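Next comes protein08.cif, a file with mmCIF, C-alpha atoms and all ligand atoms.
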data_query
loop_
_atom_site.label_atom_id
_atom_site.label_comp_id
_atom_site.auth_asym_id
_atom_site.auth_seq_id
_atom_site.Cartn_x
_atom_site.Cartn_y
_atom_site.Cartn_z
CA MET A 137 -13.06 23.25 -30.60
CA THR A 138 -14.11 21.35 -33.71
CA GLU A 139 -13.11 17.73 -33.97
CA PRO A 140 -10.93 16.52 -36.84
CA LYS A 141 -12.74 14.40 -39.46
CA ASP A 142 -10.94 11.27 -38.30
CA ALA A 143 -11.64 11.84 -34.56
CA ALA A 144 -13.64 8.62 -34.22
CA ALA A 145 -10.93 6.60 -35.93
CA ARG A 146 -8.24 8.08 -33.68
CA ARG A 147 -10.28 7.25 -30.57
CA ALA A 148 -10.92 3.74 -31.82
CA VAL A 149 -7.22 2.82 -31.75
CA GLU A 150 -6.78 -0.18 -29.44
CA PRO A 151 -4.82 0.39 -26.19
CA VAL A 152 -1.48 -1.28 -25.60
CA ILE A 153 -0.47 -2.43 -22.11
CA CYS A 154 2.48 -0.23 -21.06
CA TYR A 155 4.24 -2.87 -19.02
CA PRO A 156 3.29 -6.42 -19.98
CA ASN A 157 4.10 -8.12 -16.69
CA ASP A 158 4.39 -11.71 -17.85
CA THR A 159 8.18 -11.47 -17.58
CA LEU A 160 8.14 -10.37 -13.93
CA PRO A 161 9.73 -12.93 -11.63
CA THR A 162 6.93 -15.20 -10.39
CA PRO A 163 6.60 -15.29 -6.59
CA PRO A 164 6.89 -18.83 -5.19
CA MET A 165 3.35 -18.83 -3.75
CA ALA A 166 3.29 -22.55 -2.86
CA LEU A 167 6.50 -22.14 -0.85
CA TYR A 168 5.06 -19.07 0.92
CA ARG A 169 1.85 -20.93 1.74
CA ALA A 170 3.73 -23.90 3.15
CA ALA A 171 5.95 -21.59 5.25
CA ARG A 172 2.91 -19.70 6.53
CA ASP A 173 1.21 -22.93 7.65
CA GLY A 174 3.76 -23.56 10.40
CA ALA A 175 4.42 -19.91 11.26
CA LYS A 176 4.09 -18.56 14.80
CA LYS A 177 3.01 -15.10 15.88
CA ILE A 178 5.98 -13.10 17.16
CA SER A 179 4.46 -9.64 17.64
CA GLU A 180 1.33 -7.59 17.21
CA THR A 181 0.20 -4.01 17.47
CA TYR A 182 -2.82 -1.83 16.78
CA ALA A 183 -3.26 1.38 14.86
CA ALA A 184 -5.70 3.34 17.02
CA PRO A 185 -8.49 5.23 15.23
CA ARG A 186 -7.06 8.41 13.59
CA GLU A 187 -3.56 7.40 14.66
CA ALA A 188 -0.76 5.30 13.16
CA CYS A 189 1.46 2.52 14.49
CA THR A 190 4.81 1.18 13.35
CA PHE A 191 5.95 -2.43 13.20
CA GLU A 192 8.99 -4.41 12.12
CA VAL A 193 8.86 -7.59 10.05
CA PRO A 194 12.00 -9.73 9.72
CA GLN A 195 12.85 -10.82 6.17
CA GLY A 196 11.07 -14.09 5.41
CA SER A 197 8.25 -13.47 7.89
CA PHE A 198 4.62 -12.54 7.27
CA PHE A 199 2.42 -9.68 8.44
CA ARG A 200 -1.35 -9.48 8.47
CA ILE A 201 -3.52 -6.35 8.66
CA SER A 202 -7.01 -7.11 9.98
CA SER A 203 -10.24 -5.20 10.36
CA VAL A 204 -11.39 -5.25 13.98
CA GLU A 205 -14.41 -3.63 15.62
CA GLY A 206 -15.73 -1.96 12.44
CA PRO A 207 -15.09 -1.13 8.77
CA GLN A 208 -11.87 0.86 8.49
CA VAL A 209 -9.32 1.60 5.79
CA GLY A 210 -5.59 1.86 6.40
CA ASP A 211 -2.75 3.78 4.78
CA LEU A 212 0.41 1.65 4.64
CA ASN A 213 4.03 2.78 4.23
CA LEU A 214 6.90 0.29 3.94
CA TRP A 215 10.65 0.81 4.13
CA ASN A 216 13.70 -1.41 3.99
CA LYS A 217 14.39 -1.36 7.73
CA ASN A 218 18.14 -1.17 7.13
CA ASP A 219 17.99 1.68 4.57
CA LEU A 220 14.99 4.00 4.72
CA SER A 221 15.88 5.47 1.32
CA GLU A 222 14.51 2.22 -0.14
CA ARG A 223 10.78 2.55 0.25
CA PHE A 224 7.51 1.54 -1.36
CA TYR A 225 7.05 2.99 -4.86
CA SER A 226 3.32 3.31 -5.38
CA GLY A 227 3.54 4.71 -8.93
CA LYS A 228 5.72 1.94 -10.32
CA THR A 229 3.66 -0.71 -8.52
CA ARG A 230 0.59 0.77 -10.26
CA ALA A 231 2.36 0.72 -13.62
CA LEU A 232 3.35 -2.93 -13.18
CA HIS A 233 0.23 -4.42 -11.58
CA GLY A 234 -2.62 -1.97 -12.19
CA THR A 235 -4.60 0.38 -9.96
CA HIS A 236 -5.35 -2.15 -7.19
CA ILE A 237 -3.30 -5.08 -5.94
CA THR A 238 -4.18 -8.50 -4.55
CA ILE A 239 -2.82 -12.04 -4.03
CA GLY A 240 0.43 -12.77 -5.88
CA GLU A 241 1.14 -9.10 -6.56
CA ARG A 242 3.89 -7.10 -4.95
CA MET A 243 4.79 -3.81 -3.35
CA TRP A 244 7.87 -2.65 -5.32
CA SER A 245 10.62 -0.41 -3.98
CA SER A 246 11.99 2.93 -5.14
CA PHE A 247 14.91 3.48 -7.56
CA PRO A 248 17.68 2.43 -7.77
CA HIS A 249 16.48 -0.72 -6.00
CA LEU A 250 13.22 -1.62 -7.76
CA ARG A 251 12.66 -5.00 -6.17
CA PRO A 252 9.76 -6.47 -4.21
CA LEU A 253 9.52 -5.32 -0.60
CA ALA A 254 6.48 -7.47 0.11
CA THR A 255 4.23 -9.95 -1.70
CA ILE A 256 0.51 -10.27 -0.97
CA VAL A 257 -0.20 -13.86 0.07
CA ALA A 258 -3.81 -13.62 1.34
CA ASP A 259 -6.70 -11.23 0.73
CA THR A 260 -10.19 -11.97 2.04
CA LEU A 261 -11.57 -9.23 -0.25
CA SER A 262 -10.14 -10.74 -3.44
CA TRP A 263 -13.71 -11.76 -4.39
CA TYR A 264 -14.65 -8.07 -4.90
CA GLY A 265 -13.06 -7.63 -8.32
CA ILE A 266 -14.00 -4.43 -10.18
CA ASP A 267 -17.51 -3.11 -9.49
CA ALA A 268 -19.94 -1.38 -11.87
CA PHE A 269 -18.47 2.04 -11.00
CA GLY A 270 -14.92 0.92 -11.81
CA GLY A 271 -14.10 0.67 -8.10
CA SER A 272 -11.90 -1.96 -6.49
CA VAL A 273 -10.04 -2.46 -3.19
CA HIS A 274 -6.44 -2.00 -1.97
CA ASP A 275 -5.47 0.82 -4.32
CA VAL A 276 -2.14 2.28 -5.34
CA ILE A 277 -3.73 5.34 -6.97
CA GLY A 278 -4.47 7.47 -3.92
CA THR A 279 -1.62 9.21 -2.17
CA ARG A 280 -2.62 9.54 1.50
CA CYS A 281 -4.92 12.10 3.07
CA ASP A 282 -2.80 15.04 4.20
CA PRO A 283 -3.16 18.42 5.88
CA TYR A 284 -1.68 20.37 2.97
CA THR A 285 -4.37 19.39 0.46
CA GLY A 286 -7.02 19.99 3.13
CA ASN A 287 -5.63 23.47 3.68
CA LEU A 288 -5.41 24.15 -0.05
CA LEU A 289 -9.02 23.15 -0.67
CA SER A 290 -10.72 24.40 2.48
CA GLY A 291 -8.26 26.40 4.58
CA THR A 292 -8.33 23.88 7.45
CA GLN A 293 -5.68 22.90 10.01
CA TYR A 294 -6.43 19.21 10.55
CA HIS A 295 -3.76 17.11 12.27
CA HIS A 296 -5.01 13.52 12.12
CA CYS A 297 -4.69 12.95 8.38
CA CYS A 298 -2.80 9.78 7.46
CA HIS A 299 0.24 11.85 6.41
CA SER A 300 0.52 13.44 9.86
CA ASN A 301 -0.30 10.18 11.64
CA LEU A 302 2.44 8.38 9.72
CA THR A 303 4.87 11.25 10.38
CA ARG A 304 4.30 11.18 14.15
CA ALA A 305 4.48 7.38 14.31
CA LEU A 306 7.71 7.22 12.32
CA ALA A 307 9.27 10.05 14.35
CA ASP A 308 8.43 8.25 17.58
CA HIS A 309 9.80 4.96 16.21
CA LEU A 310 13.09 6.51 15.08
CA GLY A 311 13.39 8.89 18.02
CA VAL A 312 13.70 11.91 15.74
CA ARG A 313 11.78 15.17 15.31
CA ASP A 314 8.64 15.19 13.16
CA ALA A 315 10.41 17.39 10.58
CA GLU A 316 13.11 14.75 10.17
CA ALA A 317 10.62 11.91 9.80
CA GLU A 318 8.20 13.66 7.44
CA PRO A 319 10.31 13.37 4.23
CA HIS A 320 10.37 9.57 4.66
CA VAL A 321 6.56 9.36 4.48
CA HIS A 322 5.46 8.39 0.98
CA ASP A 323 2.48 7.46 -1.17
CA VAL A 324 0.70 4.51 0.37
CA LEU A 325 -1.01 1.24 -0.31
CA ASN A 326 -4.61 2.04 0.63
CA VAL A 327 -5.48 -1.15 2.50
CA PHE A 328 -9.22 -2.07 2.30
CA MET A 329 -10.04 1.27 0.59
CA CYS A 330 -12.49 1.05 -2.34
CA THR A 331 -11.60 3.54 -5.06
CA GLY A 332 -11.51 4.20 -8.77
CA PHE A 333 -11.74 6.92 -11.38
CA THR A 334 -15.11 8.17 -12.63
CA ARG A 335 -15.69 7.26 -16.27
CA ASP A 336 -17.15 10.67 -17.21
CA THR A 337 -14.70 13.10 -15.56
CA GLY A 338 -11.76 10.83 -14.73
CA GLN A 339 -11.85 11.96 -11.09
CA TYR A 340 -10.53 9.91 -8.21
CA PHE A 341 -13.44 8.55 -6.19
CA MET A 342 -13.90 6.55 -3.02
CA LYS A 343 -16.89 4.64 -1.70
CA ALA A 344 -17.79 2.75 1.46
CA SER A 345 -15.26 -0.05 1.82
CA PRO A 346 -16.68 -3.60 1.58
CA VAL A 347 -14.36 -4.58 4.47
CA ARG A 348 -16.01 -6.22 7.48
CA VAL A 349 -14.68 -7.26 10.87
CA GLY A 350 -12.46 -10.30 10.37
CA ASP A 351 -11.27 -9.40 6.87
CA TYR A 352 -7.52 -9.27 6.38
CA LEU A 353 -4.71 -8.67 3.94
CA GLU A 354 -1.50 -10.61 4.46
CA PHE A 355 2.03 -10.12 3.13
CA PHE A 356 5.35 -11.94 2.91
CA ALA A 357 8.34 -9.73 3.78
CA GLU A 358 10.93 -10.02 1.01
CA VAL A 359 13.43 -7.86 2.97
CA ASP A 360 13.67 -6.67 6.58
CA LEU A 361 10.76 -4.27 6.78
CA LEU A 362 9.77 -1.27 8.81
CA GLY A 363 6.07 -0.60 8.34
CA ALA A 364 3.76 2.21 9.39
CA LEU A 365 -0.02 1.93 9.23
CA SER A 366 -2.52 4.74 9.75
CA ALA A 367 -6.18 4.10 10.62
CA CYS A 368 -7.49 6.77 8.22
CA PRO A 369 -9.73 9.48 9.71
CA GLY A 370 -12.10 8.62 6.83
CA GLY A 371 -13.09 5.36 8.61
CA ASP A 372 -14.66 3.25 5.84
CA CYS A 373 -14.30 6.27 3.50
CA SER A 374 -18.03 6.40 2.73
CA SER A 375 -18.23 10.21 3.02
CA GLU A 376 -15.21 12.34 3.93
CA HIS A 377 -11.66 11.85 5.11
CA THR A 378 -10.02 15.01 6.44
CA SER A 379 -12.00 15.57 9.62
CA ASP A 380 -13.22 13.89 12.81
CA ALA A 381 -16.71 13.33 11.28
CA ALA A 382 -16.44 9.67 10.22
CA ALA A 383 -16.74 6.66 12.54
CA CYS A 384 -13.24 5.21 12.94
CA TYR A 385 -11.98 1.87 14.21
CA PRO A 386 -8.59 0.37 15.01
CA LEU A 387 -6.59 -1.87 12.67
CA HIS A 388 -4.69 -4.91 13.92
CA VAL A 389 -1.20 -5.80 12.70
CA GLU A 390 0.26 -9.24 13.46
CA VAL A 391 3.68 -10.62 12.50
CA PHE A 392 4.24 -14.36 11.95
CA GLU A 393 7.60 -16.11 11.68
CA PRO A 394 7.90 -19.44 9.81
CA ALA A 395 9.51 -22.48 11.39
CA SER A 396 13.23 -22.70 10.77
CA GLY A 397 14.00 -24.33 7.45
CA ALA A 398 10.50 -23.67 6.09
CA LEU A 399 11.86 -21.34 3.42
CA GLU A 400 14.60 -23.65 2.22
CA GLY A 401 15.32 -22.92 -1.43
CA TRP A 402 13.91 -19.40 -1.24
CA VAL A 403 16.09 -16.73 -2.81
CA ALA A 404 15.82 -13.17 -1.45
CA PRO A 405 15.24 -10.50 -4.12
CA ALA A 406 18.46 -8.91 -5.35
CA LYS A 407 18.70 -5.19 -5.98
CA ASN A 408 17.89 -4.18 -9.54
CA GLY A 409 20.36 -5.34 -12.18
CA TYR A 410 20.65 -2.03 -14.05
CA ASP A 411 24.33 -0.95 -14.02
CA GLY A 412 23.54 2.60 -12.91
CA SER A 413 25.85 4.27 -15.45
CA HIS A 414 23.02 6.17 -17.22
CA GLY A 415 25.04 6.06 -20.42
CA ARG A 416 28.16 7.84 -19.07
ZN ZN A 501 -6.26 8.77 5.26
#
Spell out the structure here as structure tokens.
Amino acid sequence: MTEPKDAAARRAVEPVICYPNDTLPTPPMALYRAARDGAKKISETYAAPREACTFEVPQGSFFRISSVEGPQVGDLNLWNKNDLSERFYSGKTRALHGTHITIGERMWSSFPHLRPLATIVADTLSWYGIDAFGGSVHDVIGTRCDPYTGNLLSGTQYHHCCHSNLTRALADHLGVRDAEAEPHVHDVLNVFMCTGFTRDTGQYFMKASPVRVGDYLEFFAEVDLLGALSACPGGDCSSEHTSDAAACYPLHVEVFEPASGALEGWVAPAKNGYDGSHGR
């Protein structure tokens, strides 16, 4: 294919940010920090290696995901506990905040709700930034490792992918069959995972996570949350992710409740203000 004469000029056009996010509601970070200071732990659980756990976080509480025992990435799903049809919307979160999220950014919910489910309030890997390969941590570009893609690419039957782990954990939590739980599983926040797109081919890449024991990512629950977290079979995702080959470690989830009155003045996020008529 020959290039048009003005190819260079067309490529040189400056990009425009699709969704300037300076009009997004600003999270009250100082209020969150003050509420977190006096908060008490009310529950905790662990995602075992190559398995997932579920946890509930009352609205106005905090949850922390920590690396314990060794470098490990986690695949996180979030739902409105009272209405599972409202769930984390990875694609729109990416469009609003970029490919990776950190302190002050939010996990947004699906249509027709489109409101924050959770706000990141602490991230011990926020120093990482964007590396020379274009990689960064906590991405909303990956989907979740799953047995269907593994089968498509290599004909395997592998059952401890994050998709299957999340399916089993959710089914057990709800007391329903796996087939009933599976459609609720959705694209994840890849906690601690270091990813990007290659500059030359635009392919999704991963590399060994910079996470170390003691690192954590912490969130404020904007609504009553049901969460599910899978300790990815990829471990630190330095080599492969749809097998039992990688070293895997647990992930720790802790829930903290602020002292009563600590959130005075806080306003819970309303459902999206669009009238829903779609022009009819
Ligand atoms: Zn995974």
* **Gap from CA of Phe356 (chain A) to CA of Met243 (chain A) - Å, one decimal** =>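 If I compute the distance from CA of Phe356 (chain A) to CA of Met243 (chain A), I get 10.3 Å.
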Considering all atoms listed in the file, tabulate each residue of region 163-254 of chain A that lies at most 8 Å from region 140-157 of chain A along with its nearest interatomic pair and the corresponding distance in Å to one decimal; arrange the rows by chain and ascending residue number and present them as JSON lines.
{"residue": "A:Ala231", "atom": "CA", "partner": "A:Tyr155", "partner_atom": "CA", "distance": 6.8}
{"residue": "A:Leu232", "atom": "CA", "partner": "A:Tyr155", "partner_atom": "CA", "distance": 5.9}
{"residue": "A:His233", "atom": "CA", "partner": "A:Asn157", "partner_atom": "CA", "distance": 7.4}
For region 164-239 of chain A versus region 314-336 of chain A, which residues have an atom no more than 9 Å away, and what is each residue's nearest atom pair and distance in Å rounded to one decimal, using only C-alpha atoms, chain-then-number order, as a tab-separated table?
residue	atom	partner	partner_atom	distance
A:Ile201	CA	A:Val327	CA	8.3
A:Ser203	CA	A:Phe328	CA	8.7
A:Pro207	CA	A:Phe328	CA	8.8
A:Gln208	CA	A:Phe328	CA	7.3
A:Val209	CA	A:Phe328	CA	5.1
A:Gly210	CA	A:Val327	CA	4.9
A:Asp211	CA	A:Asn326	CA	4.9
A:Leu212	CA	A:Val324	CA	5.1
A:Asn213	CA	A:Val324	CA	5.4
A:Leu214	CA	A:Val324	CA	8.3
A:Trp215	CA	A:His320	CA	8.8
A:Leu220	CA	A:His320	CA	7.2
A:Ser221	CA	A:His320	CA	7.6
A:Arg223	CA	A:His322	CA	7.9
A:Phe224	CA	A:His322	CA	7.5
A:Tyr225	CA	A:Asp323	CA	7.4
A:Ser226	CA	A:Asp323	CA	6.0
A:Gly227	CA	A:Asp323	CA	8.3
A:Thr235	CA	A:Gly332	CA	8.0
A:His236	CA	A:Thr331	CA	8.7
A:Ile237	CA	A:Leu325	CA	8.8
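Among the candidate residues A:Asp282, A:Glu400, A:Glu390, A:Glu376, the one lying nearest to Glu354 (chain A) is A:Glu390, with distances computed using all atoms listed in the file.
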* How many Å lie between CA of Lys407 (chain A) and CA of Pro248 (chain A), rounded to one decimal? ->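 Distance between the two atoms: 7.9 Å.
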As an mmCIF file with C-alpha atoms, in the coordinates of the input, please: the residues near region 257-268 of chain A (cut-off 12 Å, all atoms listed in the file, same-chain neighbours under 3 positions excluded).
data_model
loop_
_atom_site.group_PDB
_atom_site.id
_atom_site.type_symbol
_atom_site.label_atom_id
_atom_site.label_comp_id
_atom_site.auth_asym_id
_atom_site.auth_seq_id
_atom_site.Cartn_x
_atom_site.Cartn_y
_atom_site.Cartn_z
ATOM 1 C CA PRO A 163 6.600 -15.290 -6.590
ATOM 2 C CA PRO A 164 6.890 -18.830 -5.190
ATOM 3 C CA MET A 165 3.350 -18.830 -3.750
ATOM 4 C CA ALA A 166 3.290 -22.550 -2.860
ATOM 5 C CA LEU A 167 6.500 -22.140 -0.850
ATOM 6 C CA TYR A 168 5.060 -19.070 0.920
ATOM 7 C CA ARG A 169 1.850 -20.930 1.740
ATOM 8 C CA ALA A 170 3.730 -23.900 3.150
ATOM 9 C CA ALA A 171 5.950 -21.590 5.250
ATOM 10 C CA ARG A 172 2.910 -19.700 6.530
ATOM 11 C CA ASP A 173 1.210 -22.930 7.650
ATOM 12 C CA SER A 197 8.250 -13.470 7.890
ATOM 13 C CA PHE A 198 4.620 -12.540 7.270
ATOM 14 C CA PHE A 199 2.420 -9.680 8.440
ATOM 15 C CA ARG A 200 -1.350 -9.480 8.470
ATOM 16 C CA ILE A 201 -3.520 -6.350 8.660
ATOM 17 C CA SER A 202 -7.010 -7.110 9.980
ATOM 18 C CA SER A 203 -10.240 -5.200 10.360
ATOM 19 C CA GLY A 234 -2.620 -1.970 -12.190
ATOM 20 C CA THR A 235 -4.600 0.380 -9.960
ATOM 21 C CA HIS A 236 -5.350 -2.150 -7.190
ATOM 22 C CA ILE A 237 -3.300 -5.080 -5.940
ATOM 23 C CA THR A 238 -4.180 -8.500 -4.550
ATOM 24 C CA ILE A 239 -2.820 -12.040 -4.030
ATOM 25 C CA GLY A 240 0.430 -12.770 -5.880
ATOM 26 C CA GLU A 241 1.140 -9.100 -6.560
ATOM 27 C CA ARG A 242 3.890 -7.100 -4.950
ATOM 28 C CA MET A 243 4.790 -3.810 -3.350
ATOM 29 C CA ALA A 254 6.480 -7.470 0.110
ATOM 30 C CA GLY A 271 -14.100 0.670 -8.100
ATOM 31 C CA SER A 272 -11.900 -1.960 -6.490
ATOM 32 C CA VAL A 273 -10.040 -2.460 -3.190
ATOM 33 C CA HIS A 274 -6.440 -2.000 -1.970
ATOM 34 C CA ASP A 275 -5.470 0.820 -4.320
ATOM 35 C CA VAL A 327 -5.480 -1.150 2.500
ATOM 36 C CA PHE A 328 -9.220 -2.070 2.300
ATOM 37 C CA MET A 329 -10.040 1.270 0.590
ATOM 38 C CA CYS A 330 -12.490 1.050 -2.340
ATOM 39 C CA THR A 331 -11.600 3.540 -5.060
ATOM 40 C CA GLY A 332 -11.510 4.200 -8.770
ATOM 41 C CA PHE A 333 -11.740 6.920 -11.380
ATOM 42 C CA THR A 334 -15.110 8.170 -12.630
ATOM 43 C CA ARG A 335 -15.690 7.260 -16.270
ATOM 44 C CA LYS A 343 -16.890 4.640 -1.700
ATOM 45 C CA SER A 345 -15.260 -0.050 1.820
ATOM 46 C CA PRO A 346 -16.680 -3.600 1.580
ATOM 47 C CA VAL A 347 -14.360 -4.580 4.470
ATOM 48 C CA ARG A 348 -16.010 -6.220 7.480
ATOM 49 C CA VAL A 349 -14.680 -7.260 10.870
ATOM 50 C CA GLY A 350 -12.460 -10.300 10.370
ATOM 51 C CA ASP A 351 -11.270 -9.400 6.870
ATOM 52 C CA TYR A 352 -7.520 -9.270 6.380
ATOM 53 C CA LEU A 353 -4.710 -8.670 3.940
ATOM 54 C CA GLU A 354 -1.500 -10.610 4.460
ATOM 55 C CA PHE A 355 2.030 -10.120 3.130
ATOM 56 C CA PHE A 356 5.350 -11.940 2.910
ATOM 57 C CA ALA A 357 8.340 -9.730 3.780
ATOM 58 C CA GLU A 358 10.930 -10.020 1.010
#
Enumerate, in order of chain and increasing residue number, the residues of chain A with an atom no farther than 6 Å from ligand ZN 501 (chain A), each with its shortest atom pair and distance in Å to one decimal, counting all atoms listed in the file, as a tab-separated table.
residue	atom	partner	partner_atom	distance
A:Arg280	CA	A:ZN501	ZN	5.3
A:Cys281	CA	A:ZN501	ZN	4.2
A:Cys297	CA	A:ZN501	ZN	5.4
A:Cys298	CA	A:ZN501	ZN	4.2
A:Cys368	CA	A:ZN501	ZN	3.8
A:Pro369	CA	A:ZN501	ZN	5.7
Written file, previous selection with C-alpha atoms, as a compact mmCIF listing (two decimals), in the coordinates of the input:
# COMPACT_ATOMS: atom_id res chain seq x y z
CA ARG A 280 -2.62 9.54 1.50
CA CYS A 281 -4.92 12.10 3.07
CA CYS A 297 -4.69 12.95 8.38
CA CYS A 298 -2.80 9.78 7.46
CA CYS A 368 -7.49 6.77 8.22
CA PRO A 369 -9.73 9.48 9.71
* To do: Rounded to one decimal place, report the CA of Thr229 (chain A)-CA of Ser245 (chain A) distance in Å.
  =>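 It comes out at 8.3 Å.
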* Would you mind telling me which residue in A:Thr292, A:Ala395, A:His299, A:Leu361 lies nearest to Ser379 (chain A) when using all atoms listed in the file? =>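 When distances to Ser379 (chain A) are compared using all atoms listed in the file, the smallest one comes from A:Thr292.
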Against region 300-306 of chain A, which residues of region 149-259 of chain A fall within 7 Å? For each one I want the closest pair of atoms and the distance in Å (one decimal), counting only C-alpha atoms, rows by chain and increasing residue number, as a tab-separated table.
residue	atom	partner	partner_atom	distance
A:Glu187	CA	A:Asn301	CA	5.2
A:Ala188	CA	A:Asn301	CA	5.1
A:Cys189	CA	A:Ala305	CA	5.7
A:Thr190	CA	A:Ala305	CA	6.3
* Protein, DNA and RNA residues within 9 Å of (3.0, -15.2, 15.4), only C-alpha atoms, as a ChimeraX atom specification -> /A:175-180,198-199,390-394
* Asked: Quick one: of A:Gly206, A:Gln293, A:Glu222, A:Met342, who's nearest to Ala367 (chain A), counting only C-alpha atoms?
  ->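 Of the candidates, the smallest distance to Ala367 (chain A) is held by A:Gly206.
The shortest atom-to-atom distance to Asp380 (chain A), with all atoms listed in the file taken into account, belongs to A:Arg186 out of A:Arg186, A:Gln339, A:Glu139, A:Val312.
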Rebuild region 186-192 of chain A to all heavy atoms - output it as a PDB file, in the coordinates of the input, please.
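The resulting file, rebuild33.pdb, is reproduced below:
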ATOM      1  N   ARG A 186      -7.662   7.086  13.874  1.00  0.00           N
ATOM      2  CA  ARG A 186      -7.060   8.410  13.590  1.00  0.00           C
ATOM      3  C   ARG A 186      -5.637   8.546  14.127  1.00  0.00           C
ATOM      4  O   ARG A 186      -5.184   9.629  14.457  1.00  0.00           O
ATOM      5  CB  ARG A 186      -7.931   9.560  14.154  1.00  0.00           C
ATOM      6  CG  ARG A 186      -9.278   9.662  13.499  1.00  0.00           C
ATOM      7  CD  ARG A 186     -10.039  10.912  13.910  1.00  0.00           C
ATOM      8  NE  ARG A 186     -11.303  10.968  13.193  1.00  0.00           N
ATOM      9  CZ  ARG A 186     -12.404  10.335  13.571  1.00  0.00           C
ATOM     10  NH1 ARG A 186     -12.406   9.619  14.675  1.00  0.00           N
ATOM     11  NH2 ARG A 186     -13.494  10.423  12.849  1.00  0.00           N
ATOM     12  N   GLU A 187      -4.967   7.409  14.266  1.00  0.00           N
ATOM     13  CA  GLU A 187      -3.560   7.400  14.660  1.00  0.00           C
ATOM     14  C   GLU A 187      -2.852   6.359  13.791  1.00  0.00           C
ATOM     15  O   GLU A 187      -3.498   5.614  13.061  1.00  0.00           O
ATOM     16  CB  GLU A 187      -3.393   7.013  16.143  1.00  0.00           C
ATOM     17  CG  GLU A 187      -3.975   8.005  17.129  1.00  0.00           C
ATOM     18  CD  GLU A 187      -3.171   9.310  17.223  1.00  0.00           C
ATOM     19  OE1 GLU A 187      -2.043   9.363  16.681  1.00  0.00           O
ATOM     20  OE2 GLU A 187      -3.686  10.263  17.821  1.00  0.00           O
ATOM     21  N   ALA A 188      -1.518   6.310  13.890  1.00  0.00           N
ATOM     22  CA  ALA A 188      -0.760   5.300  13.160  1.00  0.00           C
ATOM     23  C   ALA A 188       0.129   4.530  14.123  1.00  0.00           C
ATOM     24  O   ALA A 188       0.452   5.020  15.209  1.00  0.00           O
ATOM     25  CB  ALA A 188       0.110   5.956  12.082  1.00  0.00           C
ATOM     26  N   CYS A 189       0.508   3.318  13.717  1.00  0.00           N
ATOM     27  CA  CYS A 189       1.460   2.520  14.490  1.00  0.00           C
ATOM     28  C   CYS A 189       2.609   2.142  13.561  1.00  0.00           C
ATOM     29  O   CYS A 189       2.482   2.224  12.335  1.00  0.00           O
ATOM     30  CB  CYS A 189       0.795   1.262  15.037  1.00  0.00           C
ATOM     31  SG  CYS A 189       0.256   0.103  13.765  1.00  0.00           S
ATOM     32  N   THR A 190       3.714   1.740  14.140  1.00  0.00           N
ATOM     33  CA  THR A 190       4.810   1.180  13.350  1.00  0.00           C
ATOM     34  C   THR A 190       5.011  -0.274  13.767  1.00  0.00           C
ATOM     35  O   THR A 190       4.591  -0.685  14.856  1.00  0.00           O
ATOM     36  CB  THR A 190       6.129   1.941  13.587  1.00  0.00           C
ATOM     37  OG1 THR A 190       6.413   1.955  14.989  1.00  0.00           O
ATOM     38  CG2 THR A 190       6.036   3.367  13.067  1.00  0.00           C
ATOM     39  N   PHE A 191       5.668  -1.034  12.891  1.00  0.00           N
ATOM     40  CA  PHE A 191       5.950  -2.430  13.200  1.00  0.00           C
ATOM     41  C   PHE A 191       7.131  -2.881  12.351  1.00  0.00           C
ATOM     42  O   PHE A 191       7.387  -2.329  11.278  1.00  0.00           O
ATOM     43  CB  PHE A 191       4.720  -3.323  12.911  1.00  0.00           C
ATOM     44  CG  PHE A 191       4.170  -3.169  11.515  1.00  0.00           C
ATOM     45  CD1 PHE A 191       4.565  -4.037  10.501  1.00  0.00           C
ATOM     46  CD2 PHE A 191       3.282  -2.157  11.204  1.00  0.00           C
ATOM     47  CE1 PHE A 191       4.069  -3.897   9.205  1.00  0.00           C
ATOM     48  CE2 PHE A 191       2.793  -1.996   9.911  1.00  0.00           C
ATOM     49  CZ  PHE A 191       3.178  -2.862   8.920  1.00  0.00           C
ATOM     50  N   GLU A 192       7.854  -3.859  12.855  1.00  0.00           N
ATOM     51  CA  GLU A 192       8.990  -4.410  12.120  1.00  0.00           C
ATOM     52  C   GLU A 192       8.686  -5.856  11.749  1.00  0.00           C
ATOM     53  O   GLU A 192       8.087  -6.589  12.550  1.00  0.00           O
ATOM     54  CB  GLU A 192      10.270  -4.326  12.958  1.00  0.00           C
ATOM     55  CG  GLU A 192      10.702  -2.882  13.186  1.00  0.00           C
ATOM     56  CD  GLU A 192      12.043  -2.768  13.903  1.00  0.00           C
ATOM     57  OE1 GLU A 192      12.626  -3.823  14.254  1.00  0.00           O
ATOM     58  OE2 GLU A 192      12.489  -1.622  14.103  1.00  0.00           O
TER      59      GLU A 192
END
